[in-house]
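Novice: Coordinates in work36.pdb, PDB, C-alpha atoms, are listed below.
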ATOM      1  CA  MET A  37     102.961  82.537 118.756
ATOM      2  CA  THR A  38     105.441  85.085 117.458
ATOM      3  CA  VAL A  39     104.544  87.220 114.430
ATOM      4  CA  THR A  40     107.347  89.376 113.029
ATOM      5  CA  VAL A  41     106.777  92.017 110.346
ATOM      6  CA  CYS A  42     109.670  93.266 108.215
ATOM      7  CA  LEU A  43     109.951  97.045 108.400
ATOM      8  CA  GLY A  44     112.927  97.335 106.040
ATOM      9  CA  SER A  45     112.948  99.790 103.129
ATOM     10  CA  SER A  46     111.465  97.489 100.482
ATOM     11  CA  CYS A  47     108.699  96.169 102.726
ATOM     12  CA  HIS A  48     107.999  99.688 104.011
ATOM     13  CA  VAL A  49     107.427 100.901 100.452
ATOM     14  CA  LYS A  50     105.080  97.938  99.914
ATOM     15  CA  GLY A  51     102.995  98.911 102.958
ATOM     16  CA  SER A  52     104.454  97.079 105.935
ATOM     17  CA  HIS A  53     103.286  99.838 108.292
ATOM     18  CA  TYR A  54      99.678  99.194 107.187
ATOM     19  CA  VAL A  55     100.120  95.451 107.650
ATOM     20  CA  LEU A  56     101.544  96.024 111.131
ATOM     21  CA  GLU A  57      98.655  98.347 112.062
ATOM     22  CA  GLU A  58      96.060  95.846 110.810
ATOM     23  CA  LEU A  59      97.661  93.006 112.765
ATOM     24  CA  GLN A  60      97.872  95.132 115.923
ATOM     25  CA  LYS A  61      94.200  96.057 115.588
ATOM     26  CA  SER A  62      93.090  92.471 114.919
ATOM     27  CA  ILE A  63      95.103  91.042 117.810
ATOM     28  CA  LYS A  64      93.558  93.595 120.156
ATOM     29  CA  GLU A  65      90.013  93.063 118.803
ATOM     30  CA  HIS A  66      90.302  89.312 119.349
ATOM     31  CA  ARG A  67      92.000  89.800 122.745
ATOM     32  CA  LEU A  68      94.992  87.708 121.758
ATOM     33  CA  GLU A  69      97.682  89.862 123.349
ATOM     34  CA  ASP A  70      98.583  87.024 125.724
ATOM     35  CA  GLN A  71      98.864  84.499 122.871
ATOM     36  CA  VAL A  72     100.442  86.493 120.026
ATOM     37  CA  GLN A  73     103.685  88.419 120.314
ATOM     38  CA  LEU A  74     103.882  90.981 117.500
ATOM     39  CA  ALA A  75     107.316  92.301 116.613
ATOM     40  CA  GLY A  76     109.066  94.279 113.907
ATOM     41  CA  THR A  77     112.424  93.668 112.310
ATOM     42  CA  PHE A  78     114.671  95.290 109.765
ATOM     43  CA  CYS A  79     115.345  93.734 106.358
ATOM     44  CA  THR A  80     115.141  89.959 106.316
ATOM     45  CA  GLY A  81     116.661  89.607 102.849
ATOM     46  CA  HIS A  82     113.452  88.423 101.183
ATOM     47  CA  CYS A  83     112.658  91.733  99.480
ATOM     48  CA  GLN A  84     111.122  90.135  96.399
ATOM     49  CA  GLU A  85     108.472  88.396  98.541
ATOM     50  CA  GLY A  86     106.427  91.521  99.300
ATOM     51  CA  VAL A  87     105.781  92.522 102.879
ATOM     52  CA  CYS A  88     107.528  89.702 104.715
ATOM     53  CA  VAL A  89     105.775  88.427 107.810
ATOM     54  CA  PHE A  90     107.108  85.507 109.812
ATOM     55  CA  VAL A  91     104.745  83.366 111.876
ATOM     56  CA  ASP A  92     106.831  81.320 114.294
ATOM     57  CA  GLY A  93     109.698  81.536 111.792
ATOM     58  CA  GLU A  94     107.659  80.612 108.682
ATOM     59  CA  LEU A  95     107.851  83.231 105.910
ATOM     60  CA  CYS A  96     104.577  84.570 104.569
ATOM     61  CA  SER A  97     104.029  87.245 101.943
ATOM     62  CA  VAL A  98     101.375  89.795 102.920
ATOM     63  CA  SER A  99     100.098  93.051 101.455
ATOM     64  CA  PRO A 100      97.908  95.734 103.020
ATOM     65  CA  GLU A 101      95.015  94.312 100.971
ATOM     66  CA  THR A 102      95.517  90.755 102.258
ATOM     67  CA  ALA A 103      96.407  91.547 105.897
ATOM     68  CA  SER A 104      92.928  90.830 107.249
ATOM     69  CA  GLN A 105      92.687  87.503 105.405
ATOM     70  CA  PHE A 106      96.232  86.653 106.534
ATOM     71  CA  PHE A 107      95.220  87.264 110.141
ATOM     72  CA  GLN A 108      92.167  85.023 109.815
ATOM     73  CA  GLU A 109      94.017  82.171 108.134
ATOM     74  CA  GLN A 110      97.534  82.247 109.543
ATOM     75  CA  ILE A 111      96.978  83.557 113.055
ATOM     76  CA  LEU A 112      93.435  82.678 114.084
ATOM     77  CA  GLY A 113      93.618  79.505 112.000
ATOM     78  CA  ARG A 114      96.683  78.303 113.900
ATOM     79  CA  LEU A 115      95.339  79.251 117.315
ATOM     80  CA  GLN A 116      91.936  77.684 116.834
ATOM     81  CA  PRO A 117      92.233  74.030 115.778
ATOM     82  CA  ALA A 118      89.745  72.826 113.158
ATOM     83  CA  GLN A 119      86.543  71.551 114.675
TER      84      GLN A 119
END
Please rewrite the model in this file as structure tokens.

Specialist:
Amino acid sequence: MTVTVCLGSSCHVKGSHYVLEELQKSIKEHRLEDQVQLAGTFCTGHCQEGVCVFVDGELCSVSPETASQFFQEQILGRLQPAQ
């Protein structure tokens, strides 16, 4: 899985560095480094969407306040199929 966080000006102002830090921490805590590739990118052109995070190319809007929930739902949720 590839997770890409926009680090452009608009997303930076909206807290992309906090989102990136939270995702890095969560990936490490869950020992998913071999399953999740975390990357950064410059402006993706979706500035109105908030902090833009792409999960395998799918655009998601994340904020520092929702980063933990985003990780649970969009990353862990995709890696661990429903029982």

Novice: Enclose segment 58-67 of chain A, meaning all of its atoms listed in the file, in a box aligned along x, y and z, pad it by 3 Å on each side, and list the centre and edge lengths in Å to one decimal, as AutoDock Vina command-line options.

Specialist:
--center_x 93.9 --center_y 92.7 --center_z 116.8 --size_x 13.9 --size_y 12.7 --size_z 17.9

Novice: Run through the PyMOL selection byres ((chain A and resi 40-46) around 9) on the given coordinates and return the selected residues as a VMD selection string.

Specialist: chain A and resid 38 to 39 47 to 53 55 to 56 73 to 80 83 to 84 86 to 93

Novice: So that I have them on file, write out the residues from the current selection with C-alpha atoms, as a compact mmCIF listing (two decimals), in the coordinates of the input.

Specialist:
# COMPACT_ATOMS: atom_id res chain seq x y z
CA THR A 38 105.44 85.08 117.46
CA VAL A 39 104.54 87.22 114.43
CA CYS A 47 108.70 96.17 102.73
CA HIS A 48 108.00 99.69 104.01
CA VAL A 49 107.43 100.90 100.45
CA LYS A 50 105.08 97.94 99.91
CA GLY A 51 103.00 98.91 102.96
CA SER A 52 104.45 97.08 105.94
CA HIS A 53 103.29 99.84 108.29
CA VAL A 55 100.12 95.45 107.65
CA LEU A 56 101.54 96.02 111.13
CA GLN A 73 103.68 88.42 120.31
CA LEU A 74 103.88 90.98 117.50
CA ALA A 75 107.32 92.30 116.61
CA GLY A 76 109.07 94.28 113.91
CA THR A 77 112.42 93.67 112.31
CA PHE A 78 114.67 95.29 109.76
CA CYS A 79 115.34 93.73 106.36
CA THR A 80 115.14 89.96 106.32
CA CYS A 83 112.66 91.73 99.48
CA GLN A 84 111.12 90.14 96.40
CA GLY A 86 106.43 91.52 99.30
CA VAL A 87 105.78 92.52 102.88
CA CYS A 88 107.53 89.70 104.72
CA VAL A 89 105.78 88.43 107.81
CA PHE A 90 107.11 85.51 109.81
CA VAL A 91 104.74 83.37 111.88
CA ASP A 92 106.83 81.32 114.29
CA GLY A 93 109.70 81.54 111.79

Novice: List the spatial neighbours of Gln110 of chain A as a list in words - criterion: any atom at most 12 Å away, only C-alpha atoms, same-chain residues fewer than 3 positions off excluded.

Specialist: Met37, Thr38, Val39, Leu59, Val72, Val89, Phe90, Val91, Asp92, Glu94, Leu95, Cys96, Ser97, Val98, Thr102, Ala103, Ser104, Gln105, Phe106, Phe107, Gly113, Arg114, Leu115, Gln116 and Pro117 of chain A

Novice: In Å, with one decimal, what is the gap from atom CA of Leu112 of chain A to atom CA of Ser62 of chain A?

Specialist: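 Straight-line distance from atom CA of Leu112 of chain A to atom CA of Ser62 of chain A works out to 9.8 Å.
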
Novice: Hey, can you check how far atom CA of Gly81 of chain A sits from atom CA of Lys61 of chain A?

Specialist: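 Rounded to one decimal, the two atoms are 26.6 Å apart.
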
Novice: In Å, how far is it from atom CA of Asp70 of chain A to atom CA of Glu57 of chain A?

Specialist: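 Atom CA of Glu57 of chain A lies at a distance of 17.7 Å from atom CA of Asp70 of chain A.
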
Novice: Looking at A:Glu58, A:Lys64, A:Ser99, A:Ile111, which one is nearest to Glu85 of chain A, with distances taken over all atoms listed in the file?

Specialist: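 The shortest atom-to-atom distance to Glu85 of chain A comes from A:Ser99.
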
Novice: Can I get segment 38-54 of chain A with N, CA and C atoms filled in, as a compact mmCIF listing (two decimals), keeping the file's coordinate frame?

Specialist:
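For reference, out.txt as written:
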# COMPACT_ATOMS: atom_id res chain seq x y z
N THR A 38 104.71 83.86 117.76
CA THR A 38 105.44 85.08 117.46
C THR A 38 105.22 85.45 116.00
N VAL A 39 104.78 86.69 115.77
CA VAL A 39 104.54 87.22 114.43
C VAL A 39 105.47 88.41 114.25
N THR A 40 106.36 88.33 113.26
CA THR A 40 107.35 89.38 113.03
C THR A 40 107.15 89.97 111.65
N VAL A 41 107.00 91.30 111.60
CA VAL A 41 106.78 92.02 110.35
C VAL A 41 108.06 92.74 109.96
N CYS A 42 108.49 92.55 108.70
CA CYS A 42 109.67 93.27 108.22
C CYS A 42 109.31 94.73 108.01
N LEU A 43 110.15 95.60 108.53
CA LEU A 43 109.95 97.04 108.40
C LEU A 43 111.09 97.68 107.60
N GLY A 44 111.83 96.84 106.88
CA GLY A 44 112.93 97.34 106.04
C GLY A 44 112.40 98.20 104.90
N SER A 45 113.31 98.82 104.17
CA SER A 45 112.95 99.79 103.13
C SER A 45 111.99 99.22 102.09
N SER A 46 112.30 98.07 101.53
CA SER A 46 111.46 97.49 100.48
C SER A 46 110.07 97.15 101.00
N CYS A 47 110.00 96.52 102.15
CA CYS A 47 108.70 96.17 102.73
C CYS A 47 107.93 97.42 103.16
N HIS A 48 108.65 98.44 103.63
CA HIS A 48 108.00 99.69 104.01
C HIS A 48 107.30 100.31 102.81
N VAL A 49 108.00 100.34 101.68
CA VAL A 49 107.43 100.90 100.45
C VAL A 49 106.20 100.10 100.02
N LYS A 50 106.20 98.80 100.30
CA LYS A 50 105.08 97.94 99.91
C LYS A 50 103.95 97.95 100.94
N GLY A 51 104.09 98.74 102.01
CA GLY A 51 103.00 98.91 102.96
C GLY A 51 103.10 98.17 104.26
N SER A 52 104.32 97.85 104.69
CA SER A 52 104.45 97.08 105.94
C SER A 52 103.84 97.79 107.14
N HIS A 53 103.87 99.12 107.16
CA HIS A 53 103.29 99.84 108.29
C HIS A 53 101.77 99.61 108.35
N TYR A 54 101.11 99.49 107.19
CA TYR A 54 99.68 99.19 107.19
C TYR A 54 99.41 97.77 107.65
